[in-house]
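What follows is the content of query-v4.cif (mmCIF, C-alpha atoms).
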```cif
data_coords
loop_
_atom_site.label_atom_id
_atom_site.label_comp_id
_atom_site.auth_asym_id
_atom_site.auth_seq_id
_atom_site.Cartn_x
_atom_site.Cartn_y
_atom_site.Cartn_z
CA MET A 21 16.25 -20.03 4.76
CA ASN A 22 18.68 -21.37 2.14
CA LYS A 23 17.78 -18.60 -0.23
CA PHE A 24 19.19 -16.04 2.15
CA LYS A 25 22.63 -17.55 2.37
CA TRP A 26 24.19 -14.26 1.44
CA VAL A 27 22.64 -12.51 4.46
CA ARG A 28 24.18 -15.22 6.65
CA LYS A 29 27.44 -14.85 4.75
CA LEU A 30 27.41 -11.13 5.38
CA LEU A 31 26.79 -11.56 9.09
CA ASN A 32 29.39 -14.32 9.23
CA SER A 33 32.02 -11.91 7.97
CA ILE A 34 30.82 -8.67 9.61
CA TRP A 35 30.18 -10.03 13.11
CA PRO A 36 33.75 -11.27 13.77
CA ILE A 37 35.18 -8.06 12.29
CA PHE A 38 33.04 -6.01 14.70
CA ILE A 39 34.11 -8.13 17.66
CA ILE A 40 37.83 -8.16 16.75
CA LEU A 41 37.95 -4.44 15.95
CA SER A 42 36.07 -3.24 19.00
CA PHE A 43 37.64 -5.65 21.51
CA SER A 44 41.18 -4.78 20.43
CA PHE A 45 40.33 -1.09 20.23
CA ALA A 46 38.99 -1.28 23.80
CA ILE A 47 42.24 -2.83 25.04
CA PHE A 48 44.44 -0.17 23.41
CA SER A 49 42.25 2.80 24.27
CA GLY A 50 41.79 1.80 27.91
CA ASN A 51 38.05 1.33 27.63
CA ILE A 52 38.26 -2.25 28.84
CA ASP A 53 36.06 -1.68 31.90
CA LYS A 54 33.33 -0.16 29.78
CA LEU A 55 33.61 -3.11 27.41
CA ASN A 56 33.27 -5.58 30.28
CA GLN A 57 30.16 -3.82 31.44
CA SER A 58 28.67 -3.82 27.97
CA ILE A 59 29.29 -7.56 27.47
CA PHE A 60 27.03 -8.39 30.38
CA SER A 61 24.53 -5.63 29.85
CA SER A 62 24.07 -6.51 26.18
CA THR A 63 22.98 -10.08 26.90
CA GLU A 64 20.69 -8.76 29.60
CA GLU A 65 19.24 -6.21 27.17
CA ALA A 66 18.48 -8.97 24.68
CA VAL A 67 16.61 -10.93 27.36
CA ASN A 68 14.70 -7.87 28.55
CA LEU A 69 13.73 -6.86 25.05
CA CYS A 70 12.47 -10.34 24.19
CA ILE A 71 10.46 -10.70 27.38
CA THR A 72 8.74 -7.36 26.90
CA LEU A 73 8.31 -7.95 23.16
CA LEU A 74 6.63 -11.24 23.92
CA GLY A 75 3.45 -9.60 25.24
CA THR A 76 2.84 -7.22 22.36
CA MET A 77 3.87 -9.73 19.71
CA CYS A 78 1.49 -12.36 21.10
CA LEU A 79 -1.36 -9.89 21.35
CA TRP A 80 -0.88 -8.52 17.87
CA ASN A 81 -0.34 -11.89 16.21
CA GLY A 82 -3.50 -13.12 17.88
CA ILE A 83 -5.53 -10.16 16.62
CA MET A 84 -4.07 -10.52 13.15
CA LYS A 85 -4.85 -14.23 13.10
CA ILE A 86 -8.47 -13.32 13.79
CA ALA A 87 -8.37 -10.82 10.90
CA SER A 88 -6.97 -13.40 8.51
CA GLU A 89 -9.80 -15.82 9.36
CA THR A 90 -12.43 -13.27 8.35
CA THR A 91 -13.23 -12.02 4.86
CA ILE A 92 -11.95 -8.55 5.79
CA ILE A 93 -8.98 -8.74 3.39
CA LYS A 94 -11.25 -9.61 0.47
CA LYS A 95 -13.70 -6.84 1.37
CA LEU A 96 -11.03 -4.17 1.65
CA THR A 97 -9.63 -4.94 -1.81
CA ILE A 98 -12.61 -3.07 -3.32
CA PHE A 99 -11.16 0.23 -2.10
CA LEU A 100 -7.85 -0.49 -3.76
CA SER A 101 -9.04 -1.39 -7.24
CA PRO A 102 -8.84 2.15 -8.74
CA LEU A 103 -5.28 2.44 -7.43
CA ILE A 104 -4.34 -1.02 -8.71
CA ASN A 105 -5.66 -0.15 -12.18
CA LYS A 106 -3.45 2.94 -12.23
CA LEU A 107 -0.35 1.16 -10.93
CA PHE A 108 -0.64 -1.93 -13.10
CA PRO A 109 -1.84 -0.73 -16.53
CA GLU A 110 -0.54 -3.92 -18.18
CA LEU A 111 -2.88 -6.14 -16.17
CA LYS A 112 -5.97 -4.46 -17.55
CA ASN A 113 -7.96 -7.59 -18.29
CA ASP A 114 -6.43 -9.83 -15.71
CA GLU A 115 -8.88 -9.79 -12.83
CA LYS A 116 -7.35 -12.82 -11.09
CA ILE A 117 -3.86 -11.35 -10.81
CA LYS A 118 -5.22 -7.95 -9.82
CA LYS A 119 -7.20 -9.63 -7.05
CA GLU A 120 -4.06 -11.38 -5.77
CA ILE A 121 -2.10 -8.14 -5.84
CA SER A 122 -4.76 -6.20 -3.96
CA MET A 123 -5.04 -8.94 -1.33
CA ASN A 124 -1.25 -8.79 -0.90
CA MET A 125 -1.47 -5.02 -0.45
CA VAL A 126 -4.33 -5.15 2.04
CA ALA A 127 -2.48 -7.79 4.07
CA ASN A 128 0.60 -5.54 4.07
CA ILE A 129 -1.40 -2.51 5.15
CA LEU A 130 -2.98 -4.45 8.02
CA GLY A 131 0.46 -5.68 9.05
CA LEU A 132 -0.35 -9.33 8.27
CA GLY A 133 3.20 -10.11 7.22
CA ASN A 134 2.64 -13.86 7.37
CA ALA A 135 -0.32 -13.63 5.03
CA ALA A 136 1.09 -10.94 2.74
CA THR A 137 4.17 -12.77 1.50
CA PRO A 138 2.41 -15.95 0.26
CA LEU A 139 -0.23 -13.79 -1.46
CA GLY A 140 2.46 -11.70 -3.12
CA ILE A 141 4.35 -14.77 -4.27
CA LYS A 142 1.13 -16.21 -5.67
CA ALA A 143 0.68 -13.03 -7.73
CA MET A 144 4.32 -13.25 -8.88
CA LYS A 145 3.78 -16.85 -10.02
CA SER A 146 0.61 -15.96 -11.92
CA MET A 147 2.45 -13.13 -13.67
CA GLN A 148 5.41 -15.39 -14.45
CA GLU A 149 3.08 -17.79 -16.29
CA LYS A 150 2.34 -15.02 -18.79
CA ASN A 151 5.88 -13.69 -18.89
CA SER A 152 7.57 -14.24 -22.25
CA ASP A 153 11.08 -13.86 -20.82
CA LYS A 154 11.19 -16.09 -17.75
CA LYS A 155 14.58 -14.76 -16.60
CA THR A 156 13.54 -11.10 -16.45
CA LEU A 157 10.98 -9.25 -14.33
CA THR A 158 8.02 -7.72 -16.15
CA ASN A 159 6.98 -4.12 -15.43
CA SER A 160 4.07 -5.29 -13.27
CA MET A 161 6.30 -7.66 -11.29
CA ALA A 162 8.80 -4.87 -10.65
CA THR A 163 6.00 -2.57 -9.47
CA LEU A 164 4.66 -5.23 -7.10
CA ILE A 165 8.10 -5.79 -5.56
CA VAL A 166 8.73 -2.06 -5.08
CA LEU A 167 5.31 -1.76 -3.40
CA ASN A 168 6.23 -4.60 -1.08
CA THR A 169 9.54 -3.02 -0.10
CA ALA A 170 7.73 0.18 0.88
CA SER A 171 6.27 -1.21 4.13
CA ILE A 172 2.86 0.46 3.91
CA GLN A 173 1.41 -0.42 7.30
CA ILE A 174 -1.28 1.13 9.51
CA ILE A 175 0.30 0.03 12.79
CA PRO A 176 4.07 -0.45 13.02
CA THR A 177 3.70 -3.04 15.79
CA THR A 178 7.26 -4.23 16.29
CA VAL A 179 8.67 -0.77 16.84
CA ILE A 180 5.78 0.16 19.15
CA ALA A 181 6.55 -2.98 21.16
CA ILE A 182 10.23 -1.98 21.38
CA ARG A 183 9.33 1.55 22.48
CA ASN A 184 7.00 0.11 25.09
CA SER A 185 9.70 -2.22 26.37
CA LEU A 186 12.13 0.69 26.74
CA GLY A 187 9.63 2.57 28.92
CA SER A 188 8.45 5.23 26.46
CA GLN A 189 5.92 7.77 27.79
CA ASP A 190 3.74 7.26 24.73
CA PRO A 191 4.77 4.25 22.60
CA THR A 192 2.15 4.80 19.88
CA SER A 193 3.02 8.47 19.30
CA ILE A 194 5.15 7.52 16.29
CA ILE A 195 2.22 6.16 14.25
CA PHE A 196 1.38 9.39 12.43
CA PRO A 197 5.00 10.32 11.62
CA VAL A 198 5.49 6.75 10.34
CA TRP A 199 2.53 7.16 7.97
CA VAL A 200 3.95 10.36 6.53
CA ALA A 201 7.40 8.83 6.01
CA THR A 202 5.99 5.62 4.53
CA ILE A 203 3.77 7.46 2.08
CA CYS A 204 6.65 9.68 0.92
CA ALA A 205 8.81 6.59 0.47
CA ALA A 206 6.11 4.68 -1.42
CA ILE A 207 5.40 7.59 -3.76
CA THR A 208 9.12 7.89 -4.48
CA GLY A 209 9.42 4.17 -5.15
CA ILE A 210 6.47 4.12 -7.53
CA THR A 211 7.53 7.30 -9.34
CA ALA A 212 11.05 5.93 -9.79
CA THR A 213 9.60 2.65 -11.08
CA LYS A 214 7.39 4.44 -13.61
CA ILE A 215 10.31 6.58 -14.80
CA PHE A 216 12.59 3.55 -15.18
CA ILE A 217 9.87 1.75 -17.14
CA LYS A 218 9.44 4.76 -19.42
CA TRP A 219 13.18 4.84 -20.06
CA GLY A 220 12.90 1.20 -21.01
CA LYS A 221 15.36 -0.04 -18.40
CA MET B 743 0.12 18.59 17.08
CA GLN B 744 -2.94 17.55 19.04
CA PHE B 745 -4.36 16.01 15.90
CA VAL B 746 -1.17 14.02 15.33
CA ASN B 747 -1.29 12.64 18.86
CA PHE B 748 -4.97 11.85 18.57
CA VAL B 749 -4.59 9.93 15.31
CA SER B 750 -1.58 8.07 16.68
CA SER B 751 -3.33 7.02 19.84
CA ILE B 752 -6.64 6.01 18.30
CA ALA B 753 -5.17 3.91 15.46
CA MET B 754 -4.32 0.75 17.41
CA PRO B 755 -7.50 0.48 19.54
CA LEU B 756 -9.61 1.22 16.47
CA VAL B 757 -7.98 -1.50 14.35
CA ILE B 758 -8.44 -4.07 17.15
CA LEU B 759 -12.06 -3.01 17.66
CA ILE B 760 -12.91 -3.26 13.96
CA ILE B 761 -11.27 -6.67 13.57
CA VAL B 762 -12.95 -8.16 16.65
CA MET B 763 -16.36 -6.74 15.69
CA TYR B 764 -15.98 -7.99 12.14
CA ALA B 765 -14.98 -11.47 13.31
CA PHE B 766 -17.87 -11.47 15.78
CA MET B 767 -20.35 -10.74 12.99
CA GLU B 768 -18.86 -13.49 10.85
CA LYS B 769 -19.22 -15.90 13.79
CA ILE B 770 -15.61 -17.01 13.96
CA LYS B 771 -14.28 -18.79 17.04
CA ILE B 772 -12.54 -15.60 18.03
CA PHE B 773 -10.72 -16.61 21.18
CA ASP B 774 -9.47 -19.94 19.83
CA THR B 775 -8.13 -18.16 16.76
CA PHE B 776 -6.55 -15.52 18.97
CA LEU B 777 -4.70 -18.19 20.96
CA ILE B 778 -3.35 -19.86 17.81
CA GLY B 779 -2.02 -16.53 16.58
CA ALA B 780 -0.59 -15.57 19.95
CA LYS B 781 1.33 -18.85 20.06
CA GLU B 782 2.91 -18.00 16.70
CA GLY B 783 3.92 -14.69 18.27
CA ILE B 784 5.95 -16.55 20.88
CA ASN B 785 7.77 -18.44 18.13
CA ILE B 786 8.69 -15.24 16.31
CA VAL B 787 10.28 -13.78 19.44
CA ILE B 788 12.10 -17.01 20.30
CA THR B 789 13.53 -17.30 16.78
CA ILE B 790 15.01 -13.81 16.83
CA PHE B 791 16.39 -14.12 20.38
CA PRO B 792 19.77 -15.79 19.57
CA THR B 793 20.39 -13.29 16.77
CA LEU B 794 19.63 -10.43 19.13
CA VAL B 795 22.09 -11.70 21.77
CA GLY B 796 24.87 -11.92 19.17
CA LEU B 797 24.13 -8.56 17.63
CA PHE B 798 23.59 -6.74 20.92
CA LEU B 799 27.00 -7.97 22.00
CA ALA B 800 28.64 -6.69 18.79
CA ILE B 801 26.87 -3.34 18.81
CA GLY B 802 27.43 -2.86 22.54
CA ALA B 803 31.13 -3.57 22.03
CA LEU B 804 31.37 -1.17 19.10
CA ARG B 805 29.88 1.58 21.22
CA SER B 806 31.57 0.93 24.57
CA SER B 807 35.04 0.43 23.09
CA GLY B 808 34.86 3.93 21.66
CA ILE B 809 35.47 2.80 18.09
CA LEU B 810 32.01 3.82 16.89
CA ASP B 811 32.56 7.35 18.23
CA CYS B 812 35.92 7.34 16.50
CA ILE B 813 34.35 6.40 13.14
CA ILE B 814 31.47 8.84 13.60
CA HIS B 815 34.02 11.54 14.43
CA PHE B 816 35.58 11.05 11.00
CA ILE B 817 32.40 10.92 8.91
CA SER B 818 30.36 13.51 10.80
CA PRO B 819 31.89 16.55 9.01
CA ILE B 820 30.62 15.10 5.71
CA LEU B 821 27.17 14.18 7.03
CA ASN B 822 26.81 17.47 8.88
CA GLN B 823 27.05 19.24 5.53
CA PHE B 824 23.72 17.63 4.68
CA ASN B 825 22.31 18.12 8.17
CA PHE B 826 22.17 14.35 8.60
CA PRO B 827 22.37 13.23 12.26
CA THR B 828 25.39 10.91 12.44
CA ASP B 829 23.99 8.78 15.26
CA ILE B 830 21.32 7.50 12.87
CA MET B 831 23.87 6.44 10.24
CA PRO B 832 24.45 2.85 11.48
CA LEU B 833 20.69 2.20 11.37
CA ALA B 834 20.29 3.70 7.90
CA LEU B 835 23.05 1.42 6.61
CA ILE B 836 21.79 -1.87 8.10
CA ARG B 837 18.02 -1.30 7.71
CA PRO B 838 17.61 -2.46 4.08
CA ILE B 839 19.76 -5.55 4.63
CA SER B 840 18.80 -7.35 7.82
CA GLY B 841 15.63 -7.20 9.90
CA SER B 842 16.93 -8.54 13.20
CA SER B 843 20.17 -6.56 12.93
CA SER B 844 18.25 -3.34 12.44
CA ILE B 845 16.03 -4.15 15.44
CA ALA B 846 19.22 -4.54 17.48
CA VAL B 847 20.77 -1.30 16.17
CA ALA B 848 17.54 0.70 16.59
CA THR B 849 17.01 -0.58 20.14
CA ASN B 850 20.58 0.32 20.99
CA ILE B 851 20.11 3.87 19.62
CA MET B 852 16.81 4.34 21.51
CA LYS B 853 18.42 3.10 24.70
CA THR B 854 21.58 5.19 24.36
CA PHE B 855 19.89 8.49 23.52
CA GLY B 856 16.58 7.90 25.32
CA VAL B 857 13.49 6.33 23.78
CA ASP B 858 11.55 9.62 23.70
CA SER B 859 14.52 11.78 22.62
CA GLN B 860 14.66 13.20 19.11
CA ILE B 861 17.26 10.65 17.95
CA GLY B 862 15.25 7.85 19.61
CA LEU B 863 12.09 8.94 17.81
CA MET B 864 13.94 9.11 14.50
CA ALA B 865 15.19 5.55 14.96
CA ALA B 866 11.65 4.38 15.71
CA VAL B 867 10.06 6.18 12.76
CA ILE B 868 12.75 4.85 10.40
CA MET B 869 12.10 1.30 11.67
CA GLY B 870 8.36 1.70 11.18
CA SER B 871 8.43 3.32 7.78
CA THR B 872 10.99 1.20 5.94
CA GLU B 873 11.24 -2.48 5.12
CA THR B 874 14.08 -4.99 4.84
CA THR B 875 14.28 -4.06 1.17
CA VAL B 876 17.05 -6.36 -0.01
CA TYR B 877 15.53 -9.32 1.79
CA THR B 878 12.07 -8.66 0.32
CA ILE B 879 13.48 -8.41 -3.21
CA THR B 880 15.30 -11.72 -2.71
CA VAL B 881 12.13 -13.48 -1.51
CA TYR B 882 10.04 -12.26 -4.42
CA THR B 883 12.53 -12.80 -7.21
CA SER B 884 13.83 -16.17 -6.03
CA SER B 885 10.26 -17.47 -5.65
CA ILE B 886 9.89 -17.47 -9.44
CA GLY B 887 13.55 -17.97 -10.37
CA VAL B 888 14.03 -14.61 -12.05
CA LYS B 889 17.65 -13.54 -12.48
CA LYS B 890 17.36 -10.09 -14.05
CA THR B 891 15.78 -7.75 -11.50
CA ARG B 892 16.27 -4.63 -13.67
CA PHE B 893 15.90 -1.40 -11.70
CA VAL B 894 14.00 -2.81 -8.70
CA LEU B 895 16.87 -2.52 -6.21
CA TRP B 896 17.59 1.11 -7.15
CA ALA B 897 13.95 2.18 -7.03
CA SER B 898 13.49 0.52 -3.62
CA LEU B 899 16.70 1.91 -2.16
CA LEU B 900 15.76 5.38 -3.38
CA ALA B 901 12.39 4.94 -1.65
CA ASP B 902 14.20 3.89 1.54
CA PHE B 903 16.46 6.93 1.32
CA VAL B 904 13.45 9.23 1.01
CA GLY B 905 11.69 7.36 3.85
CA ILE B 906 14.69 7.81 6.14
CA THR B 907 15.14 11.48 5.21
CA THR B 908 11.43 12.17 5.75
CA SER B 909 11.58 10.41 9.14
CA ILE B 910 14.45 12.66 10.21
CA ILE B 911 12.76 15.83 8.98
CA ILE B 912 9.38 15.06 10.53
CA CYS B 913 10.94 14.18 13.91
CA LYS B 914 12.87 17.45 13.83
CA MET B 915 9.62 19.30 13.05
CA LEU B 916 7.63 17.62 15.79
CA GLY B 917 10.45 18.16 18.27
CA GLY B 918 11.29 15.46 20.73
#
```
Is it possible to give me this structure as structure tokens?
Amino acid sequence: MNKFKWVRKLLNSIWPIFIILSFSFAIFSGNIDKLNQSIFSSTEEAVNLCITLLGTMCLWNGIMKIASETTIIKKLTIFLSPLINKLFPELKNDEKIKKEISMNMVANILGLGNAATPLGIKAMKSMQEKNSDKKTLTNSMATLIVLNTASIQIIPTTVIAIRNSLGSQDPTSIIFPVWVATICAAITGITATKIFIKWGK
Amino acid sequence: MQFVNFVSSIAMPLVILIIVMYAFMEKIKIFDTFLIGAKEGINIVITIFPTLVGLFLAIGALRSSGILDCIIHFISPILNQFNFPTDIMPLALIRPISGSSSIAVATNIMKTFGVDSQIGLMAAVIMGSTETTVYTITVYTSSIGVKKTRFVLWASLLADFVGITTSIIICKMLGG
């Protein structure tokens, strides 16, 4: 977790500011009773959320563990290869890297976060070996990172689990809207990447 | 509309069915593997629990003290010009930076406005369709020691912005 020191740093400075600001604001604005209530209810909410999340997270992690033991990721990469060829024109003759990238994408799509990141990093390392300027990202590396920030996923499990825990009438109803939003975001990311590359940035 | 609901409700059972059938054909010890994965699931939840307590406290305090309403009161005239729902703003700001913080903010929004309300749905769709962008970029670039990330942050943040805007529009269209 050392690499993410700055996230910790950010929380270390933002969290006390939030507490100081809101607690003193509550005292001056006379909302102190509401604040008292929220102190206790917020810890309770955290417990409730975690207990209800536990079920879905266990179930889904179990299913995804099964998926990662099969050859399903490898099989599904076949469908991606035309897309990969379009997105990574510079890797034309590099079957090994293209394979790693498509496995990373399939793992992302299936929601296998634990499997996707190591696969993606493997692809990054293979590309770095051929990179002439080790301090700067190549076009293909940049494209891979943008793809990974786009969260292309069939089932947004965590948020479904949260909706379930809050007593939603139909927790999975967001799946289709999520697909639409994700695809729009991914297309934007890739288009922007291609334009930046063309401009030679 | 019916199609949307149908696709949404069949997706999860279908994925589970395909995976289990596939694993069955490949003769994997399915239940043992399931248990190993499920145990990892417990760890994930336990690791985020302390963060959630801390963040729920902070977000709860921001809301109950009235300071969040005060801030929203000042920025809403600007955001309203673009038809951007102000209650979503805190989530849009934290989403690219921290995963557990955005879970806390999104849960708080869903709880405050109702999980099946329009704002609640927007929060859920935003959570599902975007990623902890800044974190992901850090993992990938630091893994190979690259310093110059070029345009990657801008392209990803632009994608997030479009993802969030699309989430808002589609939830407005579907009604909630």
Closest of B:Asp829, B:Val762, B:Ile836, B:Gly783 to chain A - atom-to-atom distances counting all atoms listed in the file: B:Gly783
Test item: chain A residues at most 6 Å from chain B, counting all atoms listed in the file, as a ChimeraX atom specification: /A:39,42,46,51,54-55,58-59,62-63,66,77-79,81-83,85-87,90,155-157,162,166,169,171,176,188,192-193,195-196,198,201-202,205,208-209,212-213
Between atom CA of Ile830 of chain B and atom CA of Phe855 of chain B, distance in Å (one decimal):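 Interatomic distance, atom CA of Ile830 of chain B to atom CA of Phe855 of chain B: 10.8 Å.
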At a cut-off of 7 Å from (21.3, 1.7, 13.9) in the coordinates of the file, what residues are picked up using only C-alpha atoms, written as an mmCIF file with C-alpha atoms, in the coordinates of the input?
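What follows is the written file point_12.cif:
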```
data_model
loop_
_atom_site.group_PDB
_atom_site.id
_atom_site.type_symbol
_atom_site.label_atom_id
_atom_site.label_comp_id
_atom_site.auth_asym_id
_atom_site.auth_seq_id
_atom_site.Cartn_x
_atom_site.Cartn_y
_atom_site.Cartn_z
ATOM 1 C CA ILE B 830 21.320 7.500 12.870
ATOM 2 C CA MET B 831 23.870 6.440 10.240
ATOM 3 C CA PRO B 832 24.450 2.850 11.480
ATOM 4 C CA LEU B 833 20.690 2.200 11.370
ATOM 5 C CA ALA B 834 20.290 3.700 7.900
ATOM 6 C CA ILE B 836 21.790 -1.870 8.100
ATOM 7 C CA SER B 844 18.250 -3.340 12.440
ATOM 8 C CA VAL B 847 20.770 -1.300 16.170
ATOM 9 C CA ALA B 848 17.540 0.700 16.590
ATOM 10 C CA ILE B 851 20.110 3.870 19.620
#
```
Residue neighbourhood Asn124 of chain A, 8 Å, all atoms listed in the file, exclusion window fewer than 3 positions, as a list of chain:residue names: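 That gives A:Glu120, A:Ile121, A:Ala127, A:Asn128, A:Ala135, A:Ala136, A:Thr137, A:Leu139, A:Gly140.
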Selected residue, from A:Val200, A:Thr177, A:Gly220, A:Ala206, that lies nearest to Leu74 of chain A when counting all atoms listed in the file: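 Among the listed residues, the smallest separation from Leu74 of chain A belongs to A:Thr177.
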d(atom CA of Asp190 of chain A, atom CA of Gly917 of chain B) in Å: 14.3 Å
Length of the atom CA of Cys204 of chain A to atom CA of Met123 of chain A vector [Å]: 22.1 Å
Which of A:Asn134, A:Asn32, A:Gln57, A:Thr76 sits closest to Pro191 of chain A [using only C-alpha atoms]: A:Thr76
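Distances here use only C-alpha atoms; by that measure, the residue among B:Asn825, B:Cys812, B:Ile817, B:Met915 closest to Leu41 of chain A is B:Cys812.
Shortest atom-to-atom contact with Met161 of chain A among A:Ile175, A:Leu103, A:Ile182, A:Leu111: A:Leu111, counting all atoms listed in the file.
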Emit as lines of an AutoDock Vina configuration file the padded axis-aligned box for all listed atoms of segment 767-782 of chain B, 3 Å per side, with centre and edge lengths in Å to one decimal.
```
center_x = -8.7
center_y = -15.3
center_z = 16.0
size_x = 29.3
size_y = 15.2
size_z = 16.3
```
